[in-house]
>>> print(open('input.cif').read())   # mmCIF, C-alpha atoms
data_model
#
loop_
_atom_site.label_atom_id
_atom_site.label_comp_id
_atom_site.auth_asym_id
_atom_site.auth_seq_id
_atom_site.Cartn_x
_atom_site.Cartn_y
_atom_site.Cartn_z
CA MET A 1 -1.29 55.22 135.12
CA THR A 2 -2.51 58.65 136.26
CA ASP A 3 -6.12 59.40 137.23
CA SER A 4 -6.46 61.41 134.04
CA ASP A 5 -5.22 58.49 131.93
CA SER A 6 -7.54 56.14 133.79
CA LEU A 7 -10.53 58.40 133.24
CA GLN A 8 -9.83 58.64 129.52
CA GLN A 9 -9.35 54.87 129.23
CA ALA A 10 -12.64 54.26 131.01
CA ILE A 11 -14.44 56.82 128.83
CA ASP A 12 -13.14 55.08 125.72
CA GLU A 13 -14.06 51.63 127.04
CA GLU A 14 -16.50 49.64 124.89
CA VAL A 15 -20.10 49.18 125.97
CA ALA A 16 -20.17 45.50 126.89
CA LEU A 17 -23.11 43.90 128.69
CA VAL A 18 -22.66 40.75 130.73
CA ALA A 19 -25.00 38.33 132.46
CA PHE A 20 -26.13 39.22 135.97
CA ASN A 21 -23.43 38.45 138.51
CA PRO A 22 -24.79 37.32 141.89
CA GLN A 23 -21.75 38.99 143.51
CA TRP A 24 -22.90 42.48 142.47
CA PRO A 25 -25.09 43.05 145.56
CA ALA A 26 -22.17 42.14 147.83
CA LEU A 27 -19.84 44.43 145.87
CA PHE A 28 -22.37 47.22 146.32
CA GLU A 29 -22.67 46.54 150.04
CA ALA A 30 -18.90 46.58 150.52
CA GLU A 31 -18.58 49.93 148.75
CA ARG A 32 -21.59 51.36 150.59
CA GLU A 33 -20.02 50.44 153.91
CA ARG A 34 -16.65 51.86 152.84
CA LEU A 35 -18.27 55.18 151.86
CA MET A 36 -20.43 55.41 154.97
CA ARG A 37 -17.42 54.78 157.24
CA GLN A 38 -15.42 57.51 155.51
CA PHE A 39 -18.21 60.09 155.14
CA PRO A 40 -20.72 59.35 157.92
CA SER A 41 -21.85 62.93 158.45
CA GLN A 42 -22.07 63.90 154.77
CA LEU A 43 -23.83 60.85 153.28
CA ILE A 44 -27.36 60.35 154.54
CA GLU A 45 -27.99 57.07 152.72
CA VAL A 46 -26.45 55.04 149.89
CA GLN A 47 -28.59 52.93 147.55
CA HIS A 48 -27.76 50.39 144.82
CA ILE A 49 -29.24 51.58 141.53
CA GLY A 50 -28.78 50.76 137.87
CA SER A 51 -28.94 47.40 136.18
CA THR A 52 -26.53 45.69 138.58
CA ALA A 53 -29.19 46.26 141.25
CA VAL A 54 -31.79 44.17 139.39
CA ALA A 55 -31.36 40.40 139.73
CA GLY A 56 -31.22 38.67 136.37
CA LEU A 57 -30.69 41.83 134.30
CA ARG A 58 -27.77 42.03 131.88
CA ALA A 59 -25.56 45.01 132.62
CA LYS A 60 -22.25 46.70 132.17
CA PRO A 61 -20.23 45.30 135.10
CA VAL A 62 -20.18 48.66 136.89
CA ILE A 63 -21.82 49.02 140.31
CA ASP A 64 -24.00 52.16 140.42
CA LEU A 65 -24.35 53.76 143.82
CA MET A 66 -26.59 56.70 144.61
CA ALA A 67 -25.59 58.65 147.71
CA GLY A 68 -28.05 61.05 149.26
CA VAL A 69 -26.72 64.35 150.61
CA ALA A 70 -28.45 67.30 152.27
CA ALA A 71 -27.84 69.72 149.38
CA MET A 72 -25.95 70.01 146.11
CA ALA A 73 -23.41 72.23 147.90
CA VAL A 74 -22.53 69.19 150.03
CA ALA A 75 -22.15 67.09 146.88
CA GLN A 76 -19.81 69.69 145.38
CA ALA A 77 -17.77 69.84 148.59
CA LEU A 78 -17.38 66.04 148.55
CA ILE A 79 -15.77 65.90 145.09
CA GLU A 80 -12.19 66.46 146.24
CA PRO A 81 -12.41 64.22 149.33
CA LEU A 82 -13.94 61.45 147.21
CA CYS A 83 -11.16 61.83 144.63
CA ASN A 84 -8.68 61.44 147.49
CA PHE A 85 -10.60 58.30 148.49
CA GLY A 86 -10.14 56.43 145.21
CA TYR A 87 -12.69 58.02 142.92
CA THR A 88 -12.09 60.17 139.87
CA THR A 89 -14.37 62.46 137.93
CA SER A 90 -14.68 64.90 135.09
CA ALA A 91 -15.02 68.48 136.28
CA ALA A 92 -16.27 69.50 132.84
CA PHE A 93 -18.98 66.82 132.86
CA ASN A 94 -20.04 67.67 136.41
CA GLN A 95 -20.42 71.33 135.42
CA THR A 96 -23.15 70.26 132.99
CA LEU A 97 -25.12 68.52 135.77
CA THR A 98 -27.52 70.51 137.91
CA ASP A 99 -29.26 67.71 139.81
CA ARG A 100 -26.34 65.42 140.67
CA LYS A 101 -22.58 64.99 140.70
CA TRP A 102 -20.89 61.97 139.12
CA LEU A 103 -17.72 60.10 140.05
CA MET A 104 -16.26 56.73 139.21
CA ARG A 105 -13.84 54.19 140.58
CA TRP A 106 -11.76 52.03 138.32
CA ALA A 107 -9.68 48.91 138.60
CA ASN A 108 -7.36 47.35 136.05
CA GLY A 109 -8.23 50.00 133.46
CA HIS A 110 -11.99 49.43 133.73
CA ARG A 111 -14.77 51.21 135.53
CA SER A 112 -15.83 49.34 138.64
CA HIS A 113 -18.22 51.81 140.33
CA HIS A 114 -20.23 54.89 139.48
CA LEU A 115 -21.20 57.18 142.32
CA HIS A 116 -24.09 59.60 141.85
CA LEU A 117 -24.40 62.28 144.54
CA VAL A 118 -27.97 63.59 144.70
CA VAL A 119 -30.16 65.44 147.17
CA TYR A 120 -31.60 62.89 149.57
CA ALA A 121 -35.39 62.51 149.21
CA GLY A 122 -35.37 64.90 146.25
CA PRO A 123 -36.88 64.26 142.81
CA VAL A 124 -33.81 62.48 141.37
CA TRP A 125 -33.52 60.30 144.48
CA PHE A 126 -37.11 59.10 144.22
CA GLU A 127 -37.06 58.77 140.42
CA ARG A 128 -34.00 56.50 140.39
CA LEU A 129 -35.32 54.31 143.19
CA ARG A 130 -38.75 54.09 141.56
CA PHE A 131 -37.31 52.93 138.23
CA ARG A 132 -35.10 50.36 139.96
CA ASP A 133 -38.02 49.05 141.98
CA MET A 134 -40.27 48.85 138.91
CA LEU A 135 -37.66 46.69 137.14
CA ARG A 136 -37.27 44.51 140.23
CA SER A 137 -41.01 43.89 140.50
CA ASP A 138 -41.92 43.42 136.82
CA ALA A 139 -40.01 40.67 134.99
CA ALA A 140 -41.57 41.54 131.62
CA LEU A 141 -40.53 45.18 131.97
CA ALA A 142 -37.00 44.13 132.96
CA GLN A 143 -36.81 41.84 129.91
CA HIS A 144 -37.99 44.62 127.62
CA TYR A 145 -35.35 46.93 129.08
CA SER A 146 -32.69 44.22 128.69
CA ARG A 147 -33.52 43.78 124.99
CA LEU A 148 -33.32 47.54 124.44
CA LYS A 149 -29.95 47.67 126.19
CA ASP A 150 -28.64 44.83 124.00
CA GLN A 151 -29.73 46.70 120.86
CA LEU A 152 -28.19 49.95 122.06
CA ALA A 153 -24.94 48.26 123.08
CA ALA A 154 -24.62 46.71 119.61
CA ALA A 155 -25.39 50.02 117.90
CA HIS A 156 -23.18 52.17 120.15
CA ILE A 157 -20.38 49.84 121.21
CA ARG A 158 -17.83 52.68 121.28
CA ASP A 159 -20.13 55.51 122.38
CA ARG A 160 -21.22 55.27 126.02
CA GLU A 161 -23.02 58.61 125.89
CA ALA A 162 -25.19 57.51 122.93
CA TYR A 163 -25.89 54.21 124.70
CA THR A 164 -26.97 56.05 127.85
CA GLU A 165 -29.05 58.59 125.94
CA GLY A 166 -30.75 55.75 124.05
CA LYS A 167 -32.09 54.39 127.33
CA ALA A 168 -33.39 57.77 128.50
CA GLU A 169 -36.66 57.79 126.52
CA PHE A 170 -37.55 54.28 127.70
CA ILE A 171 -36.88 55.26 131.31
CA ARG A 172 -38.95 58.44 130.96
CA SER A 173 -41.87 56.58 129.43
CA VAL A 174 -41.83 53.89 132.15
CA LEU A 175 -41.78 56.50 134.90
CA GLU A 176 -44.62 58.47 133.28
CA LYS A 177 -46.80 55.35 133.01
CA GLY A 178 -45.97 54.05 136.47
#
>>> encode(input="input.cif", output="structure tokens")
Amino acid sequence: MTDSDSLQQAIDEEVALVAFNPQWPALFEAERERLMRQFPSQLIEVQHIGSTAVAGLRAKPVIDLMAGVAAMAVAQALIEPLCNFGYTTSAAFNQTLTDRKWLMRWANGHRSHHLHLVVYAGPVWFERLRFRDMLRSDAALAQHYSRLKDQLAAAHIRDREAYTEGKAEFIRSVLEKG
């Protein structure tokens, strides 16, 4: 299977949430270490974000990593080396992003990791960490988010973009209140 075929298969993959897997933090840590060994001068820090970073939260079984870089030019320059390191991406999708770059790893025809390259200590960096930390520290908020995700997954089982967009308003409102 080519990278292009893999990317299309992953894009077409159903939205399926699973129970929290206690191995997710270790899978994150292994990938963080792998990335930091390969790109020690380009990656300032790598954090575990997304639902797999919140104990007890149902999630798509995809480890979300956020890597901080000095500038978006560094993120852009890392795309090809990361693709040579086992990631794939959509150039067209990345062209629509101004505040981050997105890549993914896949295994056995399924996404295994998402990598978000953002400016370290910039607005996106702090926003993503703040939302993660709010979910980690507030069980009721995490439960509310989990119920919303279940509803969105049922409504948009074959449309990952609609599923993701459906979460956006909730995330915005939580960040505005917090």
>>> atom_distance(input="input.cif", atom1="atom CA of A:Glu165", atom2="atom CA of A:Ala59")
15.5 Å
>>> atom_distance(input="input.cif", atom1="atom CA of A:Ala19", atom2="atom CA of A:Lys60")
8.8 Å
>>> atom_distance(input="input.cif", atom1="atom CA of A:Met104", atom2="atom CA of A:Leu35")
12.9 Å
>>> residues_around(input="input.cif", residues="A:Trp24", least_positions_apart="5", cutoff="9 Å", atoms="only C-alpha atoms", output="list of chain:residue names")
A:Glu29, A:Thr52, A:Ala53, A:Pro61, A:Val62, A:Ile63
>>> residues_near_point(input="input.cif", point="(-16.2, 61.7, 141.1)", cutoff="8 Å", atoms="only C-alpha atoms", output="number ranges by chain")
A: 79, 82-83, 87-90, 101-105, 115
>>> axis_aligned_box(input="input.cif", around="stretch 149-156 of chain A", padding_each_side="4 Å", output="AutoDock Vina command-line options")
--center_x -26.6 --center_y 48.5 --center_z 122.0 --size_x 14.8 --size_y 15.3 --size_z 16.3
>>> resolve_selection(input="input.cif", expression="the PyMOL selection byres ((chain A and resi 73) around 12)", output="NGL selection string")
:A and (42 or 69-72 or 74-79 or 98-101 or 117-119)
>>> closest_residue(input="input.cif", among="A:Met36, A:Ala16, A:Val54, A:Leu43", to="A:Asp133", atoms="all atoms listed in the file")
A:Val54
>>> closest_residue(input="input.cif", among="A:Gln38, A:Leu57, A:Trp106, A:Leu27", to="A:Arg136", atoms="only C-alpha atoms")
A:Leu57
>>> closest_atom_pairs(input="input.cif", of="stretch 5-56 of chain A", to="stretch 156-160 of chain A", cutoff="9 Å", atoms="all atoms listed in the file", output="Markdown table")
| residue | atom | partner | partner_atom | distance |
| --- | --- | --- | --- | --- |
| A:Ile11 | CA | A:Arg160 | CA | 7.5 |
| A:Asp12 | CA | A:Arg158 | CA | 6.9 |
| A:Glu13 | CA | A:Arg158 | CA | 7.0 |
| A:Glu14 | CA | A:Arg158 | CA | 4.9 |
| A:Val15 | CA | A:Ile157 | CA | 4.8 |
| A:Ala16 | CA | A:Ile157 | CA | 7.2 |
>>> write_last_selection(input="input.cif", atoms="C-alpha atoms", output="mmCIF file, in the coordinates of the input")
data_model
loop_
_atom_site.group_PDB
_atom_site.id
_atom_site.type_symbol
_atom_site.label_atom_id
_atom_site.label_comp_id
_atom_site.auth_asym_id
_atom_site.auth_seq_id
_atom_site.Cartn_x
_atom_site.Cartn_y
_atom_site.Cartn_z
ATOM 1 C CA ILE A 11 -14.440 56.820 128.830
ATOM 2 C CA ASP A 12 -13.140 55.080 125.720
ATOM 3 C CA GLU A 13 -14.060 51.630 127.040
ATOM 4 C CA GLU A 14 -16.500 49.640 124.890
ATOM 5 C CA VAL A 15 -20.100 49.180 125.970
ATOM 6 C CA ALA A 16 -20.170 45.500 126.890
#
